[in-house]
>>> print(open('run-v2.tsv').read())   # TSV, C-alpha atoms and all ligand atoms
chain	number	residue	atom	x	y	z
O	1098	MET	CA	12.84	-29.01	-13.78
O	1099	PHE	CA	11.69	-25.99	-11.76
O	1100	GLN	CA	10.23	-22.84	-13.20
O	1101	LEU	CA	11.65	-19.55	-11.99
O	1102	ILE	CA	9.01	-17.01	-10.95
O	1103	ASP	CA	10.40	-13.84	-12.47
O	1104	GLY	CA	9.23	-10.97	-10.28
O	1105	LYS	CA	11.34	-8.45	-12.17
O	1106	ALA	CA	9.79	-9.24	-15.56
O	1107	THR	CA	6.28	-9.46	-14.07
O	1108	SER	CA	6.71	-6.14	-12.33
O	1109	THR	CA	7.84	-4.51	-15.59
O	1110	THR	CA	4.70	-5.81	-17.33
O	1111	ILE	CA	2.49	-4.49	-14.53
O	1112	LYS	CA	4.25	-1.12	-14.53
O	1113	ASP	CA	3.52	-0.84	-18.26
O	1114	GLU	CA	-0.13	-1.65	-17.55
O	1115	ILE	CA	-0.28	1.00	-14.81
O	1116	ALA	CA	1.44	3.59	-17.04
O	1117	GLU	CA	-1.17	2.95	-19.74
O	1118	GLU	CA	-3.97	3.30	-17.18
O	1119	VAL	CA	-2.54	6.64	-16.03
O	1120	ILE	CA	-2.49	7.91	-19.62
O	1121	GLN	CA	-6.14	6.91	-20.07
O	1122	LEU	CA	-7.10	8.35	-16.69
O	1123	VAL	CA	-5.60	11.74	-17.50
O	1124	LYS	CA	-7.08	11.68	-21.01
O	1125	ASN	CA	-10.49	11.24	-19.42
O	1126	GLY	CA	-10.01	14.24	-17.16
O	1127	GLY	CA	-8.74	12.37	-14.10
O	1128	LYS	CA	-5.83	13.57	-11.97
O	1129	VAL	CA	-2.27	12.28	-12.08
O	1130	PRO	CA	-1.76	9.96	-9.07
O	1131	HIS	CA	0.49	11.49	-6.42
O	1132	LEU	CA	2.44	9.47	-3.83
O	1133	ALA	CA	4.15	11.16	-0.89
O	1134	ALA	CA	6.83	9.44	1.17
O	1135	ILE	CA	8.11	10.64	4.53
O	1136	LEU	CA	11.71	9.67	5.20
O	1137	VAL	CA	13.04	10.33	8.70
O	1138	GLY	CA	16.81	10.28	9.20
O	1139	HIS	CA	19.53	8.90	6.93
O	1140	ASP	CA	19.31	5.11	7.14
O	1141	GLY	CA	21.03	3.68	4.04
O	1142	ALA	CA	18.50	0.92	3.33
O	1143	SER	CA	15.56	3.31	3.79
O	1144	GLU	CA	17.19	5.84	1.43
O	1145	THR	CA	17.57	3.06	-1.18
O	1146	TYR	CA	13.94	1.92	-0.83
O	1147	VAL	CA	12.56	5.45	-1.10
O	1148	ALA	CA	14.75	6.25	-4.13
O	1149	SER	CA	13.53	3.08	-5.81
O	1150	LYS	CA	9.88	4.00	-5.10
O	1151	GLU	CA	10.53	7.47	-6.58
O	1152	ARG	CA	12.01	5.93	-9.75
O	1153	SER	CA	9.06	3.57	-10.09
O	1154	CYS	CA	6.59	6.44	-9.68
O	1155	SER	CA	8.21	8.42	-12.45
O	1156	LYS	CA	8.26	5.31	-14.70
O	1157	VAL	CA	4.48	4.95	-14.51
O	1158	GLY	CA	3.78	8.68	-14.76
O	1159	PHE	CA	2.91	9.37	-11.11
O	1160	ILE	CA	3.97	12.46	-9.21
O	1161	SER	CA	6.09	11.60	-6.19
O	1162	THR	CA	7.15	13.80	-3.31
O	1163	VAL	CA	9.72	12.84	-0.71
O	1164	ILE	CA	9.54	14.71	2.58
O	1165	ARG	CA	12.91	14.40	4.31
O	1166	LEU	CA	12.99	15.00	8.04
O	1167	GLU	CA	15.89	14.90	10.48
O	1168	ASP	CA	15.88	12.07	13.02
O	1169	SER	CA	15.81	14.68	15.77
O	1170	ILE	CA	12.18	15.42	14.84
O	1171	THR	CA	9.72	14.90	17.69
O	1172	GLU	CA	6.76	12.52	17.49
O	1173	THR	CA	4.36	15.50	17.69
O	1174	GLU	CA	6.08	17.25	14.78
O	1175	LEU	CA	5.94	14.11	12.67
O	1176	LEU	CA	2.25	13.60	13.47
O	1177	GLU	CA	1.61	17.20	12.45
O	1178	LYS	CA	3.33	16.56	9.11
O	1179	VAL	CA	1.20	13.44	8.54
O	1180	ASN	CA	-1.89	15.46	9.35
O	1181	GLU	CA	-0.88	18.18	6.89
O	1182	ILE	CA	-0.55	15.58	4.12
O	1183	ASN	CA	-3.85	13.98	5.12
O	1184	LYS	CA	-5.50	17.32	4.41
O	1185	ASP	CA	-3.71	17.94	1.09
O	1186	PRO	CA	-6.24	17.08	-1.65
O	1187	ASP	CA	-3.48	16.76	-4.25
O	1188	ILE	CA	-1.75	13.85	-2.46
O	1189	ASP	CA	-3.46	10.50	-2.95
O	1190	GLY	CA	-1.19	8.15	-1.06
O	1191	LEU	CA	1.19	8.54	1.88
O	1192	ILE	CA	3.85	6.18	3.13
O	1193	VAL	CA	6.09	6.66	6.12
O	1194	GLN	CA	9.30	4.72	5.57
O	1195	LEU	CA	9.99	2.37	8.48
O	1196	PRO	CA	11.84	1.93	10.76
O	1197	LEU	CA	11.43	5.24	12.57
O	1198	PRO	CA	13.85	6.49	15.24
O	1199	LYS	CA	13.32	4.79	18.62
O	1200	HIS	CA	11.77	7.84	20.32
O	1201	ILE	CA	8.83	7.77	17.86
O	1202	ASN	CA	5.94	5.36	18.30
O	1203	GLU	CA	5.55	3.73	14.86
O	1204	GLN	CA	2.05	2.45	15.52
O	1205	LYS	CA	0.87	5.95	16.49
O	1206	VAL	CA	2.24	7.31	13.20
O	1207	ILE	CA	0.66	4.50	11.14
O	1208	GLU	CA	-2.70	5.16	12.78
O	1209	ALA	CA	-2.41	8.90	12.08
O	1210	ILE	CA	-2.46	8.29	8.30
O	1211	LEU	CA	-5.95	8.50	6.83
O	1212	PRO	CA	-7.01	4.94	5.86
O	1213	GLU	CA	-7.91	6.20	2.37
O	1214	LYS	CA	-4.33	7.45	1.89
O	1215	ASP	CA	-2.67	4.46	3.61
O	1216	VAL	CA	-1.34	2.82	0.44
O	1217	ASP	CA	1.05	0.64	2.49
O	1218	GLY	CA	-2.07	-1.01	3.95
O	1219	PHE	CA	-0.71	-0.89	7.52
O	1220	HIS	CA	-3.56	1.08	9.16
O	1221	PRO	CA	-5.77	-1.09	11.41
O	1222	VAL	CA	-8.81	-0.08	9.32
O	1223	ASN	CA	-7.21	-1.52	6.18
O	1224	VAL	CA	-5.91	-4.58	8.05
O	1225	GLY	CA	-9.41	-5.16	9.46
O	1226	LYS	CA	-11.02	-4.84	6.03
O	1227	MET	CA	-8.53	-7.34	4.62
O	1228	VAL	CA	-9.28	-9.83	7.43
O	1229	ILE	CA	-13.03	-9.81	6.78
O	1230	GLY	CA	-12.64	-9.70	3.00
O	1231	LEU	CA	-13.79	-6.12	2.37
O	1232	PRO	CA	-12.11	-3.90	-0.25
O	1233	GLY	CA	-9.23	-1.92	1.26
O	1234	PHE	CA	-5.52	-1.42	0.77
O	1235	ILE	CA	-3.65	-4.69	1.17
O	1236	SER	CA	-0.12	-4.64	2.51
O	1237	ALA	CA	2.20	-4.38	-0.51
O	1238	THR	CA	4.37	-7.49	-0.07
O	1239	PRO	CA	1.56	-10.04	0.44
O	1240	ALA	CA	-0.40	-8.34	-2.38
O	1241	GLY	CA	2.64	-8.69	-4.64
O	1242	ILE	CA	3.02	-12.38	-3.79
O	1243	LEU	CA	-0.66	-13.04	-4.56
O	1244	GLU	CA	-0.24	-11.26	-7.88
O	1245	LEU	CA	2.74	-13.48	-8.74
O	1246	LEU	CA	0.74	-16.61	-7.89
O	1247	LYS	CA	-2.12	-15.34	-10.10
O	1248	ARG	CA	0.06	-14.43	-13.06
O	1249	TYR	CA	1.86	-17.79	-12.94
O	1250	ARG	CA	-1.52	-19.56	-12.52
O	1251	ILE	CA	-0.32	-21.33	-9.40
O	1252	LYS	CA	-3.30	-22.92	-7.72
O	1253	THR	CA	-3.66	-22.36	-3.99
O	1254	SER	CA	-7.14	-23.80	-3.50
O	1255	GLY	CA	-7.04	-26.99	-1.43
O	1256	LYS	CA	-3.26	-26.76	-1.06
O	1257	SER	CA	-1.35	-27.01	2.15
O	1258	CYS	CA	0.59	-23.81	2.70
O	1259	VAL	CA	3.23	-22.92	5.28
O	1260	VAL	CA	4.09	-19.28	6.01
O	1261	ILE	CA	7.27	-18.80	8.06
O	1262	GLY	CA	7.21	-15.49	9.93
O	1263	ARG	CA	4.26	-13.69	11.54
O	1264	SER	CA	5.08	-10.00	11.12
O	1265	ASN	CA	2.19	-7.57	10.69
O	1266	ILE	CA	3.44	-6.49	7.27
O	1267	VAL	CA	4.25	-9.85	5.65
O	1268	GLY	CA	3.60	-13.18	7.36
O	1269	LYS	CA	0.34	-12.48	9.19
O	1270	PRO	CA	-1.51	-10.81	6.27
O	1271	MET	CA	-0.11	-13.44	3.88
O	1272	SER	CA	-1.51	-16.26	6.01
O	1273	ILE	CA	-4.94	-14.57	6.11
O	1274	LEU	CA	-5.06	-13.87	2.38
O	1275	LEU	CA	-4.15	-17.44	1.48
O	1276	SER	CA	-6.88	-18.80	3.73
O	1277	GLN	CA	-9.64	-16.46	2.43
O	1278	LYS	CA	-12.53	-17.89	0.48
O	1279	THR	CA	-11.21	-16.54	-2.83
O	1280	GLU	CA	-9.80	-17.98	-6.04
O	1281	PHE	CA	-6.22	-17.40	-4.90
O	1282	GLY	CA	-6.99	-18.31	-1.31
O	1283	ASN	CA	-8.75	-21.46	-0.11
O	1284	ALA	CA	-5.47	-22.91	1.11
O	1285	THR	CA	-5.03	-24.66	4.43
O	1286	VAL	CA	-2.47	-22.43	6.09
O	1287	THR	CA	0.00	-23.08	8.88
O	1288	LEU	CA	1.62	-19.92	10.25
O	1289	CYS	CA	5.03	-20.65	11.78
O	1290	HIS	CA	7.33	-18.50	13.91
O	1291	SER	CA	10.34	-18.75	16.19
O	1292	ARG	CA	8.41	-20.81	18.76
O	1293	THR	CA	7.25	-23.42	16.27
O	1294	PRO	CA	8.72	-26.81	17.16
O	1295	ASN	CA	9.41	-29.34	14.38
O	1296	LEU	CA	9.44	-26.63	11.70
O	1297	LYS	CA	11.34	-28.95	9.38
O	1298	GLU	CA	8.56	-31.58	9.47
O	1299	VAL	CA	5.84	-28.92	9.07
O	1300	CYS	CA	7.56	-27.44	6.00
O	1301	ALA	CA	8.30	-30.83	4.47
O	1302	GLN	CA	4.58	-31.60	4.05
O	1303	ALA	CA	3.72	-28.23	2.44
O	1304	ASP	CA	2.64	-27.71	-1.17
O	1305	ILE	CA	3.51	-24.01	-0.90
O	1306	ILE	CA	6.08	-22.41	1.40
O	1307	ILE	CA	6.34	-18.65	1.93
O	1308	ALA	CA	9.61	-17.93	3.73
O	1309	ALA	CA	9.47	-14.53	5.45
O	1310	LEU	CA	11.67	-14.73	8.51
O	1311	GLY	CA	14.73	-12.70	7.56
O	1312	LYS	CA	17.33	-15.41	8.17
O	1313	ALA	CA	19.64	-15.87	5.20
O	1314	GLU	CA	19.45	-19.30	3.51
O	1315	PHE	CA	17.37	-20.74	6.36
O	1316	LEU	CA	15.18	-23.03	4.23
O	1317	THR	CA	17.22	-26.02	3.10
O	1318	ALA	CA	16.43	-28.89	0.71
O	1319	ASP	CA	15.56	-31.33	3.51
O	1320	MET	CA	12.70	-29.02	4.56
O	1321	VAL	CA	11.03	-29.02	1.14
O	1322	LYS	CA	9.02	-31.76	-0.55
O	1323	GLU	CA	9.39	-32.64	-4.23
O	1324	GLY	CA	7.27	-30.36	-6.46
O	1325	ALA	CA	6.66	-27.66	-3.83
O	1326	VAL	CA	6.20	-23.98	-4.68
O	1327	VAL	CA	8.67	-21.81	-2.74
O	1328	ILE	CA	8.29	-18.05	-2.37
O	1329	ASP	CA	11.30	-16.32	-0.82
O	1330	VAL	CA	10.51	-12.99	0.84
O	1331	GLY	CA	13.72	-12.57	2.85
O	1332	ILE	CA	16.30	-9.94	2.07
O	1333	THR	CA	19.57	-10.03	4.01
O	1334	ARG	CA	22.52	-7.91	2.98
O	1335	VAL	CA	25.82	-9.75	3.35
O	1336	LYS	CA	29.39	-8.73	2.54
O	1337	SER	CA	30.76	-10.04	-0.72
O	1338	GLU	CA	34.15	-9.71	-2.34
O	1339	LYS	CA	32.70	-10.70	-5.70
O	1340	THR	CA	30.50	-7.63	-6.23
O	1341	LYS	CA	31.50	-4.05	-7.02
O	1342	SER	CA	29.37	-2.70	-4.20
O	1343	GLY	CA	31.04	-5.00	-1.66
O	1344	TRP	CA	27.75	-6.64	-0.62
O	1345	LYS	CA	25.06	-8.92	-2.01
O	1346	LEU	CA	21.48	-9.86	-1.15
O	1347	LEU	CA	20.51	-13.27	0.18
O	1348	GLY	CA	17.02	-14.67	0.57
O	1349	ASP	CA	15.64	-16.95	3.29
O	1350	VAL	CA	16.00	-19.94	0.96
O	1351	LYS	CA	19.17	-21.85	0.11
O	1352	PHE	CA	18.32	-21.45	-3.54
O	1353	ASP	CA	20.86	-23.77	-5.20
O	1354	GLU	CA	19.84	-26.85	-3.23
O	1355	VAL	CA	16.10	-26.08	-2.86
O	1356	ALA	CA	15.33	-25.06	-6.47
O	1357	PRO	CA	15.87	-28.54	-8.04
O	1358	LYS	CA	13.12	-29.93	-5.76
O	1359	CYS	CA	10.58	-27.22	-6.62
O	1360	SER	CA	7.92	-26.82	-9.29
O	1361	TYR	CA	8.16	-23.02	-8.93
O	1362	ILE	CA	10.54	-20.81	-6.97
O	1363	THR	CA	11.28	-17.08	-6.67
O	1364	PRO	CA	14.87	-15.82	-6.80
O	1365	VAL	CA	16.44	-13.16	-4.57
O	1366	PRO	CA	16.91	-10.56	-5.90
O	1367	GLY	CA	14.32	-10.30	-8.67
O	1368	GLY	CA	11.45	-12.21	-7.06
O	1369	VAL	CA	9.14	-10.73	-4.44
O	1370	GLY	CA	11.02	-7.41	-4.03
O	1371	PRO	CA	10.01	-5.75	-7.34
O	1372	MET	CA	6.42	-6.92	-6.83
O	1373	THR	CA	6.19	-5.08	-3.50
O	1374	ILE	CA	6.82	-1.75	-5.22
O	1375	VAL	CA	4.33	-2.57	-7.95
O	1376	SER	CA	1.63	-3.24	-5.33
O	1377	LEU	CA	2.35	0.13	-3.79
O	1378	LEU	CA	1.88	1.76	-7.20
O	1379	ARG	CA	-1.35	-0.18	-7.75
O	1380	ASN	CA	-2.67	0.96	-4.34
O	1381	THR	CA	-1.75	4.58	-5.15
O	1382	LEU	CA	-3.61	4.37	-8.45
O	1383	LEU	CA	-6.66	2.98	-6.63
O	1384	ALA	CA	-6.36	5.75	-4.03
O	1385	SER	CA	-6.30	8.43	-6.72
O	1386	LYS	CA	-9.38	6.91	-8.39
O	1387	LYS	CA	-11.11	6.75	-4.99
O	1388	GLU	CA	-12.56	3.40	-5.96
O	1389	ILE	CA	-12.06	1.78	-2.57
O	1390	TYR	CA	-13.07	4.65	-0.31
O	1391	LYS	CA	-15.84	6.03	-2.48
O	1392	GLY	CA	-17.18	9.49	-1.87
O	1393	ILE	CA	-14.14	10.69	0.06
O	1394	SER	CA	-12.51	13.77	-1.38
O	1401	LIG	P1	10.22	-9.54	11.15
O	1401	LIG	O1	9.24	-8.50	11.55
O	1401	LIG	O2	11.59	-9.53	11.71
O	1401	LIG	O3	9.55	-10.96	11.48
O	1401	LIG	C1	10.28	-12.15	11.34
O	1401	LIG	C2	9.39	-13.30	11.70
O	1401	LIG	O4	10.13	-14.49	11.49
O	1401	LIG	C3	8.92	-13.32	13.16
O	1401	LIG	O5	7.56	-13.68	13.22
O	1401	LIG	C4	9.80	-14.37	13.81
O	1401	LIG	O6	9.18	-15.09	14.85
O	1401	LIG	C5	10.06	-15.31	12.64
O	1401	LIG	N1	11.30	-16.04	12.83
O	1401	LIG	C6	12.52	-15.54	13.12
O	1401	LIG	N2	13.42	-16.53	13.23
O	1401	LIG	C7	12.75	-17.68	13.03
O	1401	LIG	C8	13.12	-19.04	13.01
O	1401	LIG	N3	14.40	-19.41	13.24
O	1401	LIG	N4	12.18	-19.96	12.75
O	1401	LIG	C9	10.91	-19.60	12.52
O	1401	LIG	N5	10.49	-18.33	12.51
O	1401	LIG	C10	11.40	-17.37	12.76
O	1401	LIG	O7	10.41	-9.61	9.60
O	1401	LIG	P2	9.56	-9.04	8.33
O	1401	LIG	O8	9.47	-7.57	8.42
O	1401	LIG	O9	8.33	-9.85	8.14
O	1401	LIG	O10	10.59	-9.42	7.18
O	1401	LIG	C11	11.02	-10.74	6.96
O	1401	LIG	C12	12.05	-10.74	5.85
O	1401	LIG	O11	11.43	-10.29	4.66
O	1401	LIG	C13	13.23	-9.79	6.07
O	1401	LIG	O12	14.38	-10.35	5.50
O	1401	LIG	C14	12.84	-8.54	5.32
O	1401	LIG	O13	13.95	-7.79	4.88
O	1401	LIG	C15	12.13	-9.16	4.15
O	1401	LIG	N6	11.14	-8.31	3.49
O	1401	LIG	C16	11.16	-8.31	2.15
O	1401	LIG	C17	10.22	-7.56	1.45
O	1401	LIG	C18	10.26	-7.58	-0.04
O	1401	LIG	O14	9.70	-6.72	-0.65
O	1401	LIG	N7	10.90	-8.59	-0.63
O	1401	LIG	C19	9.27	-6.80	2.14
O	1401	LIG	C20	9.25	-6.86	3.52
O	1401	LIG	C21	10.19	-7.63	4.20
O	1401	LIG	P3	8.67	-14.40	16.22
O	1401	LIG	O15	7.42	-13.67	15.88
O	1401	LIG	O16	8.42	-15.57	17.11
O	1401	LIG	O17	9.77	-13.51	16.68
>>> encode(input="run-v2.tsv", output="structure tokens", more="lines below")
Ligand code: NAP
Amino acid sequence: MFQLIDGKATSTTIKDEIAEEVIQLVKNGGKVPHLAAILVGHDGASETYVASKERSCSKVGFISTVIRLEDSITETELLEKVNEINKDPDIDGLIVQLPLPKHINEQKVIEAILPEKDVDGFHPVNVGKMVIGLPGFISATPAGILELLKRYRIKTSGKSCVVIGRSNIVGKPMSILLSQKTEFGNATVTLCHSRTPNLKEVCAQADIIIAALGKAEFLTADMVKEGAVVIDVGITRVKSEKTKSGWKLLGDVKFDEVAPKCSYITPVPGGVGPMTIVSLLRNTLLASKKEIYKGIS
């Protein structure tokens, strides 16, 4: 019988812990953590993500500010806005909701954010620190997955782990973190992508599979060995006549047939998603305490 990894319940517990920490911080004369989000344009999914981040901030007692900009904004104007926030001592963390309109170079914008305010952990300085095992902001989704593994006491050391997907924000950092010489690393990691031949055979020998490719119900039972741990990162919106909204979310894993073979598995929704937001909150709290980038005001 498999055990469901409940990201929703875990994230609620962690939010309570963060809220308590904020109360103590303020009691001891510290400042209330402040997260700013820049939202360019009116993309529906981006609006939903930012609204959810705002709600989470208010739940844990953070201040949150959303800066809404029209998608006609130029790259220079957006960079100026980022710079303005970089200089604002009251704002601890800044995220720029992706994707950005095509005429704006995303990488340029990411690199314009001060590393000590880059709570998404996308800046090359933070990525570099993560790679060599120095303290820095770790990309929220991989950090959330590690936290789930820790809280469910799922051993990674000595295990064979397959990560499907090599994006800079999920697959690549996940593969590095799992192979680090740390308690929740020490795995032997295979990073797969669209050019990987015999993916089915590679997955079928894995103790842990992290599916982060964005293809609904891609991972099927024949790709998973008995007793494997399966973490489903994918989120694909599909039309549904059964829901009030007219759509539903599907993960990268064909849950009904894969789950019976697993020891642990995350659902979609309610698995990795809520943990991503929690990691962002955790990074913002760290940013406000200046514990990672000491001495920077
Ligand atoms: P991405 O940038 O589109 O990257 C997808 C990766 O999957 C690429 O490396 C691609 O290979 C690989 N891939 C695509 N088709 C494949 C196939 N048939 N076989 C093997 N590999 C394949 O995606 P992402 O930003 O990492 O996101 C992945 C999924 O996670 C999406 O559904 C996204 O919505 C979801 N997501 C969820 C959260 C959360 O909080 N739960 C957070 C972030 C993302 P190539 O490199 O060769 O093209």
>>> residues_around(input="run-v2.tsv", residues="O:Asp1217", least_positions_apart="6", cutoff="10 Å", atoms="all atoms listed in the file", output="ChimeraX atom specification")
/O:1190-1194,1207,1223,1234-1238,1266,1373-1374,1376-1378,1380-1381
>>> write_last_selection(input="run-v2.tsv", atoms="C-alpha atoms", output="PDB file, keeping the file's coordinate frame")
ATOM      1  CA  GLY O1190      -1.190   8.150  -1.060  1.00  0.00           C
ATOM      2  CA  LEU O1191       1.190   8.540   1.880  1.00  0.00           C
ATOM      3  CA  ILE O1192       3.850   6.180   3.130  1.00  0.00           C
ATOM      4  CA  VAL O1193       6.090   6.660   6.120  1.00  0.00           C
ATOM      5  CA  GLN O1194       9.300   4.720   5.570  1.00  0.00           C
ATOM      6  CA  ILE O1207       0.660   4.500  11.140  1.00  0.00           C
ATOM      7  CA  ASN O1223      -7.210  -1.520   6.180  1.00  0.00           C
ATOM      8  CA  PHE O1234      -5.520  -1.420   0.770  1.00  0.00           C
ATOM      9  CA  ILE O1235      -3.650  -4.690   1.170  1.00  0.00           C
ATOM     10  CA  SER O1236      -0.120  -4.640   2.510  1.00  0.00           C
ATOM     11  CA  ALA O1237       2.200  -4.380  -0.510  1.00  0.00           C
ATOM     12  CA  THR O1238       4.370  -7.490  -0.070  1.00  0.00           C
ATOM     13  CA  ILE O1266       3.440  -6.490   7.270  1.00  0.00           C
ATOM     14  CA  THR O1373       6.190  -5.080  -3.500  1.00  0.00           C
ATOM     15  CA  ILE O1374       6.820  -1.750  -5.220  1.00  0.00           C
ATOM     16  CA  SER O1376       1.630  -3.240  -5.330  1.00  0.00           C
ATOM     17  CA  LEU O1377       2.350   0.130  -3.790  1.00  0.00           C
ATOM     18  CA  LEU O1378       1.880   1.760  -7.200  1.00  0.00           C
ATOM     19  CA  ASN O1380      -2.670   0.960  -4.340  1.00  0.00           C
ATOM     20  CA  THR O1381      -1.750   4.580  -5.150  1.00  0.00           C
TER      21      THR O1381
END
>>> residues_near_ligand(input="run-v2.tsv", ligand="ligand LIG 1401 (chain O)", cutoff="10 Å", atoms="only C-alpha atoms and all ligand atoms", output="CSV table (one decimal) with C-alpha atoms, in the coordinates of the input")
chain,number,residue,atom,x,y,z
O,1142,ALA,CA,18.5,0.9,3.3
O,1146,TYR,CA,13.9,1.9,-0.8
O,1195,LEU,CA,10.0,2.4,8.5
O,1236,SER,CA,-0.1,-4.6,2.5
O,1237,ALA,CA,2.2,-4.4,-0.5
O,1238,THR,CA,4.4,-7.5,-0.1
O,1239,PRO,CA,1.6,-10.0,0.4
O,1241,GLY,CA,2.6,-8.7,-4.6
O,1242,ILE,CA,3.0,-12.4,-3.8
O,1260,VAL,CA,4.1,-19.3,6.0
O,1261,ILE,CA,7.3,-18.8,8.1
O,1262,GLY,CA,7.2,-15.5,9.9
O,1263,ARG,CA,4.3,-13.7,11.5
O,1264,SER,CA,5.1,-10.0,11.1
O,1265,ASN,CA,2.2,-7.6,10.7
O,1266,ILE,CA,3.4,-6.5,7.3
O,1267,VAL,CA,4.2,-9.8,5.6
O,1268,GLY,CA,3.6,-13.2,7.4
O,1269,LYS,CA,0.3,-12.5,9.2
O,1288,LEU,CA,1.6,-19.9,10.2
O,1289,CYS,CA,5.0,-20.6,11.8
O,1290,HIS,CA,7.3,-18.5,13.9
O,1291,SER,CA,10.3,-18.8,16.2
O,1292,ARG,CA,8.4,-20.8,18.8
O,1293,THR,CA,7.2,-23.4,16.3
O,1294,PRO,CA,8.7,-26.8,17.2
O,1295,ASN,CA,9.4,-29.3,14.4
O,1296,LEU,CA,9.4,-26.6,11.7
O,1297,LYS,CA,11.3,-29.0,9.4
O,1308,ALA,CA,9.6,-17.9,3.7
O,1309,ALA,CA,9.5,-14.5,5.4
O,1310,LEU,CA,11.7,-14.7,8.5
O,1311,GLY,CA,14.7,-12.7,7.6
O,1312,LYS,CA,17.3,-15.4,8.2
O,1313,ALA,CA,19.6,-15.9,5.2
O,1315,PHE,CA,17.4,-20.7,6.4
O,1316,LEU,CA,15.2,-23.0,4.2
O,1328,ILE,CA,8.3,-18.0,-2.4
O,1329,ASP,CA,11.3,-16.3,-0.8
O,1330,VAL,CA,10.5,-13.0,0.8
O,1331,GLY,CA,13.7,-12.6,2.8
O,1332,ILE,CA,16.3,-9.9,2.1
O,1333,THR,CA,19.6,-10.0,4.0
O,1334,ARG,CA,22.5,-7.9,3.0
O,1346,LEU,CA,21.5,-9.9,-1.2
O,1347,LEU,CA,20.5,-13.3,0.2
O,1348,GLY,CA,17.0,-14.7,0.6
O,1349,ASP,CA,15.6,-17.0,3.3
O,1365,VAL,CA,16.4,-13.2,-4.6
O,1366,PRO,CA,16.9,-10.6,-5.9
O,1367,GLY,CA,14.3,-10.3,-8.7
O,1368,GLY,CA,11.4,-12.2,-7.1
O,1369,VAL,CA,9.1,-10.7,-4.4
O,1370,GLY,CA,11.0,-7.4,-4.0
O,1371,PRO,CA,10.0,-5.8,-7.3
O,1372,MET,CA,6.4,-6.9,-6.8
O,1373,THR,CA,6.2,-5.1,-3.5
O,1374,ILE,CA,6.8,-1.8,-5.2
O,1375,VAL,CA,4.3,-2.6,-8.0
O,1376,SER,CA,1.6,-3.2,-5.3
>>> atom_distance(input="run-v2.tsv", atom1="atom CA of O:Leu1211", atom2="atom CA of O:Gly1138")
23.0 Å
>>> atom_distance(input="run-v2.tsv", atom1="atom CA of O:Glu1144", atom2="atom CA of O:Leu1132")
16.1 Å
>>> residues_around(input="run-v2.tsv", residues="O:Ala1303", least_positions_apart="2", cutoff="8 Å", atoms="all atoms listed in the file", output="compact mmCIF listing (two decimals) with C-alpha atoms, in the frame of the given file")
# COMPACT_ATOMS: atom_id res chain seq x y z
CA LYS O 1256 -3.26 -26.76 -1.06
CA SER O 1257 -1.35 -27.01 2.15
CA CYS O 1258 0.59 -23.81 2.70
CA VAL O 1259 3.23 -22.92 5.28
CA VAL O 1299 5.84 -28.92 9.07
CA CYS O 1300 7.56 -27.44 6.00
CA ALA O 1301 8.30 -30.83 4.47
CA ILE O 1305 3.51 -24.01 -0.90
CA ILE O 1306 6.08 -22.41 1.40
CA VAL O 1321 11.03 -29.02 1.14
CA LYS O 1322 9.02 -31.76 -0.55
CA ALA O 1325 6.66 -27.66 -3.83
>>> atom_distance(input="run-v2.tsv", atom1="atom CA of O:Lys1199", atom2="atom CA of O:Thr1145")
20.3 Å
>>> closest_residue(input="run-v2.tsv", among="O:Pro1130, O:Gly1282, O:Gly1230, O:Pro1357", to="O:Asp1187", atoms="all atoms listed in the file")
O:Pro1130
>>> closest_residue(input="run-v2.tsv", among="O:Thr1285, O:Glu1354, O:Pro1186, O:Gly1255", to="O:Asp1319", atoms="all atoms listed in the file")
O:Glu1354
>>> residues_around(input="run-v2.tsv", residues="O:Thr1171", least_positions_apart="4", cutoff="10 Å", atoms="only C-alpha atoms", output="list in words")
Glu1167, Leu1175, Leu1176, Glu1177, Pro1198, His1200 and Ile1201 of chain O
>>> axis_aligned_box(input="run-v2.tsv", around="stretch 1183-1201 of chain O", padding_each_side="5 Å", output="AutoDock Vina command-line options")
--center_x 3.8 --center_y 9.9 --center_z 8.0 --size_x 30.1 --size_y 26.0 --size_z 34.6
>>> closest_residue(input="run-v2.tsv", among="O:Val1179, O:Val1224, O:Leu1197, O:Val1335", to="O:Ile1210", atoms="only C-alpha atoms")
O:Val1179
>>> residues_near_point(input="run-v2.tsv", point="(-5.5, -17.9, -6.3)", cutoff="9 Å", atoms="only C-alpha atoms", output="list in words")
Leu1243, Glu1244, Leu1246, Lys1247, Arg1250, Ile1251, Lys1252, Thr1253, Ser1254, Leu1275, Thr1279, Glu1280, Phe1281, Gly1282, Asn1283 and Ala1284 of chain O
>>> write_last_selection(input="run-v2.tsv", atoms="C-alpha atoms", output="PDB file, in the frame of the given file")
ATOM      1  CA  LEU O1243      -0.660 -13.040  -4.560  1.00  0.00           C
ATOM      2  CA  GLU O1244      -0.240 -11.260  -7.880  1.00  0.00           C
ATOM      3  CA  LEU O1246       0.740 -16.610  -7.890  1.00  0.00           C
ATOM      4  CA  LYS O1247      -2.120 -15.340 -10.100  1.00  0.00           C
ATOM      5  CA  ARG O1250      -1.520 -19.560 -12.520  1.00  0.00           C
ATOM      6  CA  ILE O1251      -0.320 -21.330  -9.400  1.00  0.00           C
ATOM      7  CA  LYS O1252      -3.300 -22.920  -7.720  1.00  0.00           C
ATOM      8  CA  THR O1253      -3.660 -22.360  -3.990  1.00  0.00           C
ATOM      9  CA  SER O1254      -7.140 -23.800  -3.500  1.00  0.00           C
ATOM     10  CA  LEU O1275      -4.150 -17.440   1.480  1.00  0.00           C
ATOM     11  CA  THR O1279     -11.210 -16.540  -2.830  1.00  0.00           C
ATOM     12  CA  GLU O1280      -9.800 -17.980  -6.040  1.00  0.00           C
ATOM     13  CA  PHE O1281      -6.220 -17.400  -4.900  1.00  0.00           C
ATOM     14  CA  GLY O1282      -6.990 -18.310  -1.310  1.00  0.00           C
ATOM     15  CA  ASN O1283      -8.750 -21.460  -0.110  1.00  0.00           C
ATOM     16  CA  ALA O1284      -5.470 -22.910   1.110  1.00  0.00           C
TER      17      ALA O1284
END
